[in-house]
>>> print(open('model23.pdb').read())   # PDB, C-alpha atoms, pLDDT in the B column
ATOM      1  CA  MET A   1      -1.089  54.402  34.557  1.00 79.00           C
ATOM      2  CA  TYR A   2      -0.997  57.232  32.017  1.00 81.00           C
ATOM      3  CA  HIS A   3       0.631  54.855  29.511  1.00 80.00           C
ATOM      4  CA  ARG A   4      -2.107  52.262  29.987  1.00 81.00           C
ATOM      5  CA  ILE A   5      -4.791  54.867  29.381  1.00 87.00           C
ATOM      6  CA  TYR A   6      -2.839  56.148  26.387  1.00 86.00           C
ATOM      7  CA  LEU A   7      -2.828  52.633  24.872  1.00 81.00           C
ATOM      8  CA  VAL A   8      -6.597  52.283  25.352  1.00 86.00           C
ATOM      9  CA  LEU A   9      -7.444  55.712  23.909  1.00 89.00           C
ATOM     10  CA  ARG A  10      -4.993  55.279  21.050  1.00 85.00           C
ATOM     11  CA  GLU A  11      -6.597  51.979  20.110  1.00 80.00           C
ATOM     12  CA  GLN A  12     -10.066  53.525  20.282  1.00 86.00           C
ATOM     13  CA  ILE A  13      -8.973  56.392  18.032  1.00 88.00           C
ATOM     14  CA  LEU A  14      -7.398  54.022  15.493  1.00 80.00           C
ATOM     15  CA  ASP A  15     -10.557  51.904  15.572  1.00 76.00           C
ATOM     16  CA  ARG A  16     -12.604  55.091  15.013  1.00 83.00           C
ATOM     17  CA  LYS A  17     -14.600  54.720  18.204  1.00 87.00           C
ATOM     18  CA  PHE A  18     -14.812  58.522  18.416  1.00 89.00           C
ATOM     19  CA  ASP A  19     -16.691  60.542  15.819  1.00 88.00           C
ATOM     20  CA  PRO A  20     -14.076  62.949  14.353  1.00 88.00           C
ATOM     21  CA  ASP A  21     -16.815  65.568  13.907  1.00 90.00           C
ATOM     22  CA  LYS A  22     -17.801  65.528  17.576  1.00 92.00           C
ATOM     23  CA  PRO A  23     -15.711  66.416  20.653  1.00 93.00           C
ATOM     24  CA  MET A  24     -14.280  63.569  22.681  1.00 93.00           C
ATOM     25  CA  PRO A  25     -15.174  63.376  26.395  1.00 92.00           C
ATOM     26  CA  SER A  26     -13.477  66.150  28.363  1.00 92.00           C
ATOM     27  CA  GLU A  27     -10.384  65.602  30.499  1.00 90.00           C
ATOM     28  CA  ILE A  28     -12.553  65.753  33.606  1.00 92.00           C
ATOM     29  CA  GLU A  29     -14.892  63.091  32.221  1.00 92.00           C
ATOM     30  CA  LEU A  30     -12.036  60.834  31.128  1.00 92.00           C
ATOM     31  CA  ALA A  31     -10.195  61.256  34.433  1.00 91.00           C
ATOM     32  CA  ARG A  32     -13.359  60.286  36.266  1.00 91.00           C
ATOM     33  CA  ALA A  33     -14.000  57.320  33.964  1.00 90.00           C
ATOM     34  CA  TYR A  34     -10.477  55.926  34.466  1.00 89.00           C
ATOM     35  CA  SER A  35     -10.283  56.883  38.169  1.00 90.00           C
ATOM     36  CA  VAL A  36      -7.111  58.941  37.764  1.00 90.00           C
ATOM     37  CA  SER A  37      -6.120  62.527  38.438  1.00 92.00           C
ATOM     38  CA  ARG A  38      -6.371  65.208  35.763  1.00 91.00           C
ATOM     39  CA  VAL A  39      -2.566  65.459  35.847  1.00 92.00           C
ATOM     40  CA  THR A  40      -2.263  61.817  34.791  1.00 90.00           C
ATOM     41  CA  LEU A  41      -4.938  62.198  32.134  1.00 92.00           C
ATOM     42  CA  ARG A  42      -3.314  65.373  30.829  1.00 91.00           C
ATOM     43  CA  LYS A  43      -0.036  63.505  30.211  1.00 91.00           C
ATOM     44  CA  THR A  44      -1.996  60.979  28.171  1.00 91.00           C
ATOM     45  CA  MET A  45      -3.667  63.635  26.051  1.00 92.00           C
ATOM     46  CA  GLU A  46      -0.393  65.487  25.500  1.00 92.00           C
ATOM     47  CA  ARG A  47       1.168  62.349  24.088  1.00 89.00           C
ATOM     48  CA  LEU A  48      -1.805  61.689  21.798  1.00 91.00           C
ATOM     49  CA  GLU A  49      -1.546  65.292  20.601  1.00 92.00           C
ATOM     50  CA  ARG A  50       2.191  64.931  19.876  1.00 89.00           C
ATOM     51  CA  GLU A  51       1.413  61.888  17.744  1.00 85.00           C
ATOM     52  CA  GLY A  52      -1.244  63.792  15.822  1.00 89.00           C
ATOM     53  CA  LEU A  53      -4.075  61.559  17.017  1.00 91.00           C
ATOM     54  CA  ILE A  54      -6.096  64.330  18.637  1.00 93.00           C
ATOM     55  CA  LEU A  55      -6.711  67.995  17.862  1.00 93.00           C
ATOM     56  CA  ARG A  56      -7.450  70.477  20.623  1.00 92.00           C
ATOM     57  CA  GLN A  57      -9.533  73.493  19.673  1.00 91.00           C
ATOM     58  CA  ARG A  58     -10.084  76.277  22.177  1.00 89.00           C
ATOM     59  CA  GLY A  59     -13.750  76.693  22.937  1.00 89.00           C
ATOM     60  CA  ARG A  60     -14.756  73.584  20.978  1.00 92.00           C
ATOM     61  CA  GLY A  61     -13.030  70.692  22.710  1.00 93.00           C
ATOM     62  CA  THR A  62     -10.750  67.810  21.727  1.00 94.00           C
ATOM     63  CA  PHE A  63     -11.319  65.874  18.507  1.00 95.00           C
ATOM     64  CA  ALA A  64     -10.009  62.468  17.466  1.00 93.00           C
ATOM     65  CA  VAL A  65      -7.876  62.429  14.318  1.00 91.00           C
ATOM     66  CA  PRO A  66      -7.624  58.804  13.117  1.00 83.00           C
ATOM     67  CA  PRO A  67      -4.962  58.309  10.411  1.00 76.00           C
ATOM     68  CA  SER A  68      -6.627  58.077   7.022  1.00 68.00           C
ATOM     69  CA  SER A  69      -3.851  56.159   5.254  1.00 54.00           C
ATOM     70  CA  GLN A  70      -2.900  53.571   7.854  1.00 54.00           C
ATOM     71  CA  THR A  71      -3.376  50.088   6.422  1.00 55.00           C
ATOM     72  CA  PRO A  72      -2.218  47.183   8.596  1.00 56.00           C
ATOM     73  CA  VAL A  73      -0.206  44.376   7.093  1.00 57.00           C
ATOM     74  CA  GLN A  74      -2.520  41.381   6.881  1.00 55.00           C
ATOM     75  CA  ALA A  75      -1.807  37.663   6.886  1.00 52.00           C
ATOM     76  CA  ASP A  76      -3.868  34.544   7.278  1.00 46.00           C
ATOM     77  CA  VAL A  77      -3.385  32.988  10.721  1.00 40.00           C
ATOM     78  CA  SER A  78      -3.185  29.492   9.217  1.00 39.00           C
ATOM     79  CA  GLY A  79      -0.471  30.382   6.718  1.00 40.00           C
ATOM     80  CA  LEU A  80       3.174  31.330   6.659  1.00 40.00           C
ATOM     81  CA  VAL A  81       3.664  35.060   6.443  1.00 44.00           C
ATOM     82  CA  GLU A  82       7.022  34.632   4.688  1.00 44.00           C
ATOM     83  CA  ASN A  83       5.475  32.961   1.640  1.00 38.00           C
ATOM     84  CA  LEU A  84       3.179  35.864   0.779  1.00 39.00           C
ATOM     85  CA  LEU A  85       4.756  37.219  -2.373  1.00 40.00           C
ATOM     86  CA  ALA A  86       2.746  40.425  -2.184  1.00 45.00           C
ATOM     87  CA  MET A  87       4.016  41.036   1.326  1.00 48.00           C
ATOM     88  CA  GLY A  88       7.582  40.469   0.228  1.00 45.00           C
ATOM     89  CA  LEU A  89       7.148  43.130  -2.417  1.00 44.00           C
ATOM     90  CA  SER A  90       5.611  45.710  -0.098  1.00 68.00           C
ATOM     91  CA  THR A  91       7.821  45.362   2.981  1.00 77.00           C
ATOM     92  CA  GLN A  92      11.498  45.905   3.671  1.00 86.00           C
ATOM     93  CA  VAL A  93      13.769  43.562   5.654  1.00 91.00           C
ATOM     94  CA  LYS A  94      16.925  44.488   7.541  1.00 95.00           C
ATOM     95  CA  VAL A  95      19.100  41.641   8.799  1.00 97.00           C
ATOM     96  CA  LEU A  96      20.426  42.760  12.183  1.00 97.00           C
ATOM     97  CA  GLU A  97      22.329  39.597  13.130  1.00 97.00           C
ATOM     98  CA  PHE A  98      23.564  36.578  11.179  1.00 97.00           C
ATOM     99  CA  GLU A  99      25.761  33.909  12.750  1.00 97.00           C
ATOM    100  CA  TYR A 100      26.418  30.215  13.316  1.00 97.00           C
ATOM    101  CA  THR A 101      26.250  29.468  17.001  1.00 97.00           C
ATOM    102  CA  GLN A 102      25.060  27.040  19.667  1.00 97.00           C
ATOM    103  CA  THR A 103      21.310  26.501  19.910  1.00 95.00           C
ATOM    104  CA  PRO A 104      19.917  27.576  23.324  1.00 92.00           C
ATOM    105  CA  PRO A 105      17.756  25.167  25.362  1.00 90.00           C
ATOM    106  CA  ASP A 106      14.385  26.661  24.355  1.00 90.00           C
ATOM    107  CA  ALA A 107      15.054  26.603  20.599  1.00 93.00           C
ATOM    108  CA  ALA A 108      16.760  23.196  20.857  1.00 94.00           C
ATOM    109  CA  SER A 109      13.706  21.753  22.608  1.00 92.00           C
ATOM    110  CA  ASP A 110      11.380  23.079  19.906  1.00 93.00           C
ATOM    111  CA  MET A 111      13.589  21.659  17.143  1.00 95.00           C
ATOM    112  CA  GLY A 112      14.180  18.322  18.839  1.00 94.00           C
ATOM    113  CA  VAL A 113      17.980  18.649  18.968  1.00 95.00           C
ATOM    114  CA  ALA A 114      20.483  18.695  21.798  1.00 95.00           C
ATOM    115  CA  PRO A 115      21.202  22.101  23.408  1.00 94.00           C
ATOM    116  CA  GLY A 116      24.433  23.471  22.019  1.00 95.00           C
ATOM    117  CA  THR A 117      23.888  22.041  18.535  1.00 96.00           C
ATOM    118  CA  ILE A 118      25.334  24.481  15.992  1.00 97.00           C
ATOM    119  CA  ALA A 119      22.665  26.228  13.922  1.00 97.00           C
ATOM    120  CA  GLN A 120      22.303  29.331  11.804  1.00 97.00           C
ATOM    121  CA  ARG A 121      20.774  32.191  13.823  1.00 98.00           C
ATOM    122  CA  ALA A 122      19.434  35.411  12.317  1.00 98.00           C
ATOM    123  CA  VAL A 123      17.530  38.422  13.589  1.00 98.00           C
ATOM    124  CA  ARG A 124      15.486  40.436  11.116  1.00 96.00           C
ATOM    125  CA  LEU A 125      13.536  43.670  11.354  1.00 96.00           C
ATOM    126  CA  ARG A 126      10.682  44.034   8.862  1.00 91.00           C
ATOM    127  CA  SER A 127       9.165  47.417   8.000  1.00 88.00           C
ATOM    128  CA  LEU A 128       6.237  48.750   6.001  1.00 80.00           C
ATOM    129  CA  LYS A 129       6.806  52.163   4.414  1.00 79.00           C
ATOM    130  CA  ASP A 130       9.838  52.636   6.682  1.00 84.00           C
ATOM    131  CA  ARG A 131       7.760  51.827   9.761  1.00 86.00           C
ATOM    132  CA  PRO A 132       9.115  48.782  11.678  1.00 91.00           C
ATOM    133  CA  PHE A 133       6.428  46.282  12.624  1.00 89.00           C
ATOM    134  CA  SER A 134       8.139  42.897  13.043  1.00 91.00           C
ATOM    135  CA  TYR A 135      11.161  41.586  14.953  1.00 95.00           C
ATOM    136  CA  ALA A 136      12.003  37.960  14.187  1.00 95.00           C
ATOM    137  CA  GLU A 137      14.664  35.568  15.453  1.00 96.00           C
ATOM    138  CA  THR A 138      15.176  32.388  13.417  1.00 97.00           C
ATOM    139  CA  TRP A 139      17.161  29.249  14.092  1.00 97.00           C
ATOM    140  CA  VAL A 140      17.820  27.146  10.990  1.00 97.00           C
ATOM    141  CA  ARG A 141      19.515  23.765  10.736  1.00 97.00           C
ATOM    142  CA  GLU A 142      23.191  24.373   9.989  1.00 97.00           C
ATOM    143  CA  ASP A 143      23.402  22.401   6.734  1.00 96.00           C
ATOM    144  CA  ILE A 144      20.532  24.431   5.314  1.00 97.00           C
ATOM    145  CA  GLY A 145      21.675  27.755   6.752  1.00 96.00           C
ATOM    146  CA  ARG A 146      25.025  27.387   5.003  1.00 97.00           C
ATOM    147  CA  THR A 147      23.310  27.578   1.598  1.00 97.00           C
ATOM    148  CA  TYR A 148      22.388  31.286   1.791  1.00 97.00           C
ATOM    149  CA  SER A 149      23.777  34.567   3.081  1.00 96.00           C
ATOM    150  CA  ALA A 150      22.542  37.491   5.142  1.00 96.00           C
ATOM    151  CA  GLU A 151      22.083  39.412   1.907  1.00 96.00           C
ATOM    152  CA  ASP A 152      19.850  36.635   0.587  1.00 95.00           C
ATOM    153  CA  MET A 153      17.702  36.833   3.725  1.00 94.00           C
ATOM    154  CA  ALA A 154      17.177  40.544   3.171  1.00 92.00           C
ATOM    155  CA  THR A 155      15.734  40.031  -0.296  1.00 89.00           C
ATOM    156  CA  THR A 156      14.218  36.536  -0.425  1.00 89.00           C
ATOM    157  CA  PRO A 157      11.615  34.861   1.836  1.00 86.00           C
ATOM    158  CA  LEU A 158      13.066  32.020   3.903  1.00 89.00           C
ATOM    159  CA  LEU A 159      10.624  29.525   2.457  1.00 88.00           C
ATOM    160  CA  ARG A 160      11.955  30.318  -1.026  1.00 90.00           C
ATOM    161  CA  LEU A 161      15.549  29.943   0.195  1.00 94.00           C
ATOM    162  CA  PHE A 162      14.679  26.525   1.616  1.00 94.00           C
ATOM    163  CA  GLU A 163      13.216  25.475  -1.725  1.00 93.00           C
ATOM    164  CA  MET A 164      16.321  26.704  -3.546  1.00 94.00           C
ATOM    165  CA  ALA A 165      18.404  24.579  -1.168  1.00 95.00           C
ATOM    166  CA  GLY A 166      16.406  21.503  -2.182  1.00 95.00           C
ATOM    167  CA  VAL A 167      14.505  21.224   1.100  1.00 95.00           C
ATOM    168  CA  LYS A 168      10.975  19.853   0.776  1.00 94.00           C
ATOM    169  CA  ILE A 169       8.779  21.463   3.409  1.00 92.00           C
ATOM    170  CA  ALA A 170       5.922  19.268   4.640  1.00 93.00           C
ATOM    171  CA  GLY A 171       4.296  21.520   7.222  1.00 90.00           C
ATOM    172  CA  ALA A 172       4.637  23.665  10.300  1.00 91.00           C
ATOM    173  CA  HIS A 173       3.178  24.100  13.753  1.00 91.00           C
ATOM    174  CA  GLN A 174       2.736  27.570  15.167  1.00 87.00           C
ATOM    175  CA  LYS A 175       1.443  29.228  18.304  1.00 88.00           C
ATOM    176  CA  VAL A 176       0.075  32.755  18.642  1.00 87.00           C
ATOM    177  CA  MET A 177       0.353  34.502  21.999  1.00 88.00           C
ATOM    178  CA  ALA A 178       0.972  37.868  23.648  1.00 88.00           C
ATOM    179  CA  ARG A 179       4.385  38.983  24.911  1.00 88.00           C
ATOM    180  CA  SER A 180       5.797  42.207  26.361  1.00 86.00           C
ATOM    181  CA  ALA A 181       8.476  44.259  24.596  1.00 88.00           C
ATOM    182  CA  ASP A 182      11.882  44.241  26.267  1.00 89.00           C
ATOM    183  CA  TYR A 183      14.222  47.224  25.959  1.00 87.00           C
ATOM    184  CA  VAL A 184      15.895  45.893  22.780  1.00 92.00           C
ATOM    185  CA  VAL A 185      12.711  45.110  20.861  1.00 93.00           C
ATOM    186  CA  ALA A 186      10.919  48.208  22.170  1.00 91.00           C
ATOM    187  CA  ASP A 187      13.630  50.469  20.750  1.00 93.00           C
ATOM    188  CA  LEU A 188      13.636  48.733  17.354  1.00 96.00           C
ATOM    189  CA  LEU A 189       9.849  48.667  16.959  1.00 94.00           C
ATOM    190  CA  GLY A 190       9.323  52.167  18.325  1.00 90.00           C
ATOM    191  CA  VAL A 191       7.175  51.185  21.304  1.00 87.00           C
ATOM    192  CA  GLU A 192       7.578  51.552  25.057  1.00 82.00           C
ATOM    193  CA  VAL A 193       9.169  48.873  27.204  1.00 81.00           C
ATOM    194  CA  GLY A 194       6.460  46.525  28.431  1.00 82.00           C
ATOM    195  CA  SER A 195       4.103  47.211  25.530  1.00 84.00           C
ATOM    196  CA  ALA A 196       2.010  44.224  24.484  1.00 86.00           C
ATOM    197  CA  LEU A 197       3.153  42.566  21.249  1.00 90.00           C
ATOM    198  CA  LEU A 198       1.728  39.788  19.131  1.00 90.00           C
ATOM    199  CA  CYS A 199       4.077  36.795  19.278  1.00 91.00           C
ATOM    200  CA  ILE A 200       4.211  33.918  16.807  1.00 90.00           C
ATOM    201  CA  LYS A 201       6.390  30.873  17.464  1.00 92.00           C
ATOM    202  CA  ARG A 202       6.626  28.368  14.629  1.00 93.00           C
ATOM    203  CA  VAL A 203       8.553  25.176  13.909  1.00 95.00           C
ATOM    204  CA  VAL A 204       8.849  24.218  10.231  1.00 94.00           C
ATOM    205  CA  ARG A 205       9.498  20.566   9.291  1.00 95.00           C
ATOM    206  CA  ASP A 206      10.592  18.763   6.150  1.00 94.00           C
ATOM    207  CA  GLU A 207       9.028  15.692   4.561  1.00 93.00           C
ATOM    208  CA  ASN A 208      10.950  13.441   6.966  1.00 94.00           C
ATOM    209  CA  GLY A 209       9.540  15.223   9.998  1.00 94.00           C
ATOM    210  CA  ALA A 210      12.861  16.831  10.898  1.00 95.00           C
ATOM    211  CA  ALA A 211      12.824  20.437  12.101  1.00 96.00           C
ATOM    212  CA  VAL A 212      14.170  22.863   9.523  1.00 96.00           C
ATOM    213  CA  GLU A 213      13.502  26.173  11.218  1.00 96.00           C
ATOM    214  CA  ARG A 214      12.289  27.612  14.471  1.00 96.00           C
ATOM    215  CA  ILE A 215      11.096  31.200  14.350  1.00 95.00           C
ATOM    216  CA  ARG A 216       9.936  33.521  17.091  1.00 94.00           C
ATOM    217  CA  ALA A 217       8.488  36.736  15.713  1.00 93.00           C
ATOM    218  CA  LEU A 218       7.129  39.754  17.569  1.00 93.00           C
ATOM    219  CA  TYR A 219       4.687  42.132  15.878  1.00 91.00           C
ATOM    220  CA  ARG A 220       3.255  45.534  16.701  1.00 88.00           C
ATOM    221  CA  PRO A 221      -0.476  44.801  17.054  1.00 82.00           C
ATOM    222  CA  ASP A 222      -1.386  48.267  15.787  1.00 76.00           C
ATOM    223  CA  VAL A 223       0.392  47.650  12.475  1.00 74.00           C
ATOM    224  CA  TYR A 224      -0.015  43.917  11.912  1.00 71.00           C
ATOM    225  CA  GLU A 225      -3.180  41.854  12.031  1.00 69.00           C
ATOM    226  CA  PHE A 226      -4.375  38.349  11.216  1.00 69.00           C
ATOM    227  CA  GLU A 227      -7.477  37.467   9.238  1.00 69.00           C
ATOM    228  CA  LEU A 228      -9.110  34.070   9.003  1.00 71.00           C
ATOM    229  CA  ASN A 229     -12.280  32.954   7.241  1.00 78.00           C
ATOM    230  CA  LEU A 230     -14.352  30.431   9.183  1.00 81.00           C
ATOM    231  CA  THR A 231     -17.021  27.989   8.116  1.00 86.00           C
ATOM    232  CA  LEU A 232     -19.312  25.701  10.069  1.00 85.00           C
ATOM    233  CA  GLY A 233     -18.309  22.065  10.313  1.00 83.00           C
ATOM    234  CA  GLN A 234     -19.129  18.971  12.278  1.00 81.00           C
ATOM    235  CA  GLY A 235     -17.012  17.834  15.208  1.00 78.00           C
ATOM    236  CA  PRO A 236     -17.339  14.939  17.672  1.00 80.00           C
ATOM    237  CA  ASP A 237     -19.531  17.075  19.936  1.00 78.00           C
ATOM    238  CA  GLY A 238     -21.576  18.811  17.257  1.00 80.00           C
ATOM    239  CA  THR A 239     -21.265  21.929  15.090  1.00 86.00           C
ATOM    240  CA  LEU A 240     -18.068  23.952  15.401  1.00 85.00           C
ATOM    241  CA  TRP A 241     -16.074  26.634  13.567  1.00 82.00           C
ATOM    242  CA  GLN A 242     -13.367  25.500  11.158  1.00 79.00           C
ATOM    243  CA  PRO A 243     -10.833  27.476   9.080  1.00 73.00           C
ATOM    244  CA  SER A 244     -11.832  27.852   5.451  1.00 66.00           C
ATOM    245  CA  GLN A 245     -10.193  29.509   2.481  1.00 51.00           C
ATOM    246  CA  CYS A 246      -7.483  32.060   3.130  1.00 45.00           C
ATOM    247  CA  MET A 247      -8.308  35.739   2.904  1.00 41.00           C
ATOM    248  CA  PRO A 248      -7.136  37.304  -0.382  1.00 36.00           C
TER
END
>>> encode(input="model23.pdb", output="structure tokens")
Amino acid sequence: MYHRIYLVLREQILDRKFDPDKPMPSEIELARAYSVSRVTLRKTMERLEREGLILRQRGRGTFAVPPSSQTPVQADVSGLVENLLAMGLSTQVKVLEFEYTQTPPDAASDMGVAPGTIAQRAVRLRSLKDRPFSYAETWVREDIGRTYSAEDMATTPLLRLFEMAGVKIAGAHQKVMARSADYVVADLLGVEVGSALLCIKRVVRDENGAAVERIRALYRPDVYEFELNLTLGQGPDGTLWQPSQCMP
């Protein structure tokens, strides 16, 4: 329970819901609002204090201290995050695993191949200013995966590697959902087990419609965000929102 309250208060502090010049509600008020004991609420506040998100001043109260330099990585929800050159220049990639192995049933189903088909599998951790924010597992068709190395993956976006291999990408289908961090991902991303993460699953296809890559990426929602411009359009049932130009 204390962790759930911590997540809510942390998000409110990062979103600047509390005026940094005015005291936050007292522990008694917060405990009453969340229907928990003061002991539980105190654990929450102690953790926020350790992370530098609140400042306790005797006789004055507790003040929110939102980070002034935190800038989330941004990407357009309709695009491929790997092809953003600016992002490639500002983030660091560490290849944790790189192998040729049998495709598991879930990835095989997404790629339209038989389970057990050999493919190139890689796991990458992406960081911004030495702060990990993305954990991604990719499955790439073997003939394409053989054209680059783990070192190449650490320095060059996959889309660029595909182009260098002569693959002509026609499009991709992706889903965005929420998933919980398991003990492996939680440790790598610096979050607690069970924390909510943003999950993107995407299948990339070539001009013949064959699957080239299947990626499943998990992102820290406090460090990574999507932006999408919308415009009004006409649908079969009337006016609706449609994606427009990508955010710069």
>>> atom_distance(input="model23.pdb", atom1="CA of Gly112 (chain A)", atom2="CA of Ala172 (chain A)")
13.9 Å
>>> atom_distance(input="model23.pdb", atom1="CA of Arg216 (chain A)", atom2="CA of Lys94 (chain A)")
16.1 Å
>>> resolve_selection(input="model23.pdb", expression="the PyMOL selection byres ((chain A and resi 199-215) around 10)", output="PyMOL selection string")
chain A and resi 77+80+107-108+110-113+119-123+134-145+158-159+162+167-180+196-198+216-221
>>> resolve_selection(input="model23.pdb", expression="the PyMOL selection byres ((chain A and resi 53) around 8)", output="PDB file with C-alpha atoms, keeping the file's coordinate frame")
ATOM      1  CA  ARG A  10      -4.993  55.279  21.050  1.00 85.00           C
ATOM      2  CA  ILE A  13      -8.973  56.392  18.032  1.00 88.00           C
ATOM      3  CA  LEU A  48      -1.805  61.689  21.798  1.00 91.00           C
ATOM      4  CA  GLU A  49      -1.546  65.292  20.601  1.00 92.00           C
ATOM      5  CA  ARG A  50       2.191  64.931  19.876  1.00 89.00           C
ATOM      6  CA  GLU A  51       1.413  61.888  17.744  1.00 85.00           C
ATOM      7  CA  GLY A  52      -1.244  63.792  15.822  1.00 89.00           C
ATOM      8  CA  ILE A  54      -6.096  64.330  18.637  1.00 93.00           C
ATOM      9  CA  LEU A  55      -6.711  67.995  17.862  1.00 93.00           C
ATOM     10  CA  ALA A  64     -10.009  62.468  17.466  1.00 93.00           C
ATOM     11  CA  VAL A  65      -7.876  62.429  14.318  1.00 91.00           C
ATOM     12  CA  PRO A  66      -7.624  58.804  13.117  1.00 83.00           C
ATOM     13  CA  PRO A  67      -4.962  58.309  10.411  1.00 76.00           C
TER      14      PRO A  67
END
>>> atom_distance(input="model23.pdb", atom1="CA of Gln242 (chain A)", atom2="CA of Leu230 (chain A)")
5.4 Å
>>> closest_residue(input="model23.pdb", among="A:Asp106, A:Glu46, A:Glu99, A:Glu192", to="Glu27 (chain A)", atoms="only C-alpha atoms")
A:Glu46
>>> closest_residue(input="model23.pdb", among="A:Arg160, A:Arg124, A:Lys43, A:Arg58", to="Tyr6 (chain A)", atoms="only C-alpha atoms")
A:Lys43
>>> residues_near_point(input="model23.pdb", point="(1.5, 59.3, 34.7)", cutoff="12 Å", atoms="all atoms listed in the file", output="list in words")
Met1, Tyr2, His3, Arg4, Ile5, Tyr6, Ala31, Val36, Ser37, Arg38, Val39, Thr40, Leu41, Arg42, Lys43, Thr44, Met45, Glu46 and Arg47 of chain A
>>> resolve_selection(input="model23.pdb", expression="the PyMOL selection byres ((chain A and resi 241) around 7)", output="list in words")
Leu230, Thr231, Leu232, Gly233, Leu240, Gln242 and Pro243 of chain A
>>> closest_residue(input="model23.pdb", among="A:Asp182, A:Gln12, A:Asp152, A:Asn229", to="Val95 (chain A)", atoms="only C-alpha atoms")
A:Asp152
>>> axis_aligned_box(input="model23.pdb", around="region 51-64 of chain A", padding_each_side="4 Å", output="lines of an AutoDock Vina configuration file")
center_x = -6.7
center_y = 69.1
center_z = 19.4
size_x = 24.2
size_y = 23.1
size_z = 15.1
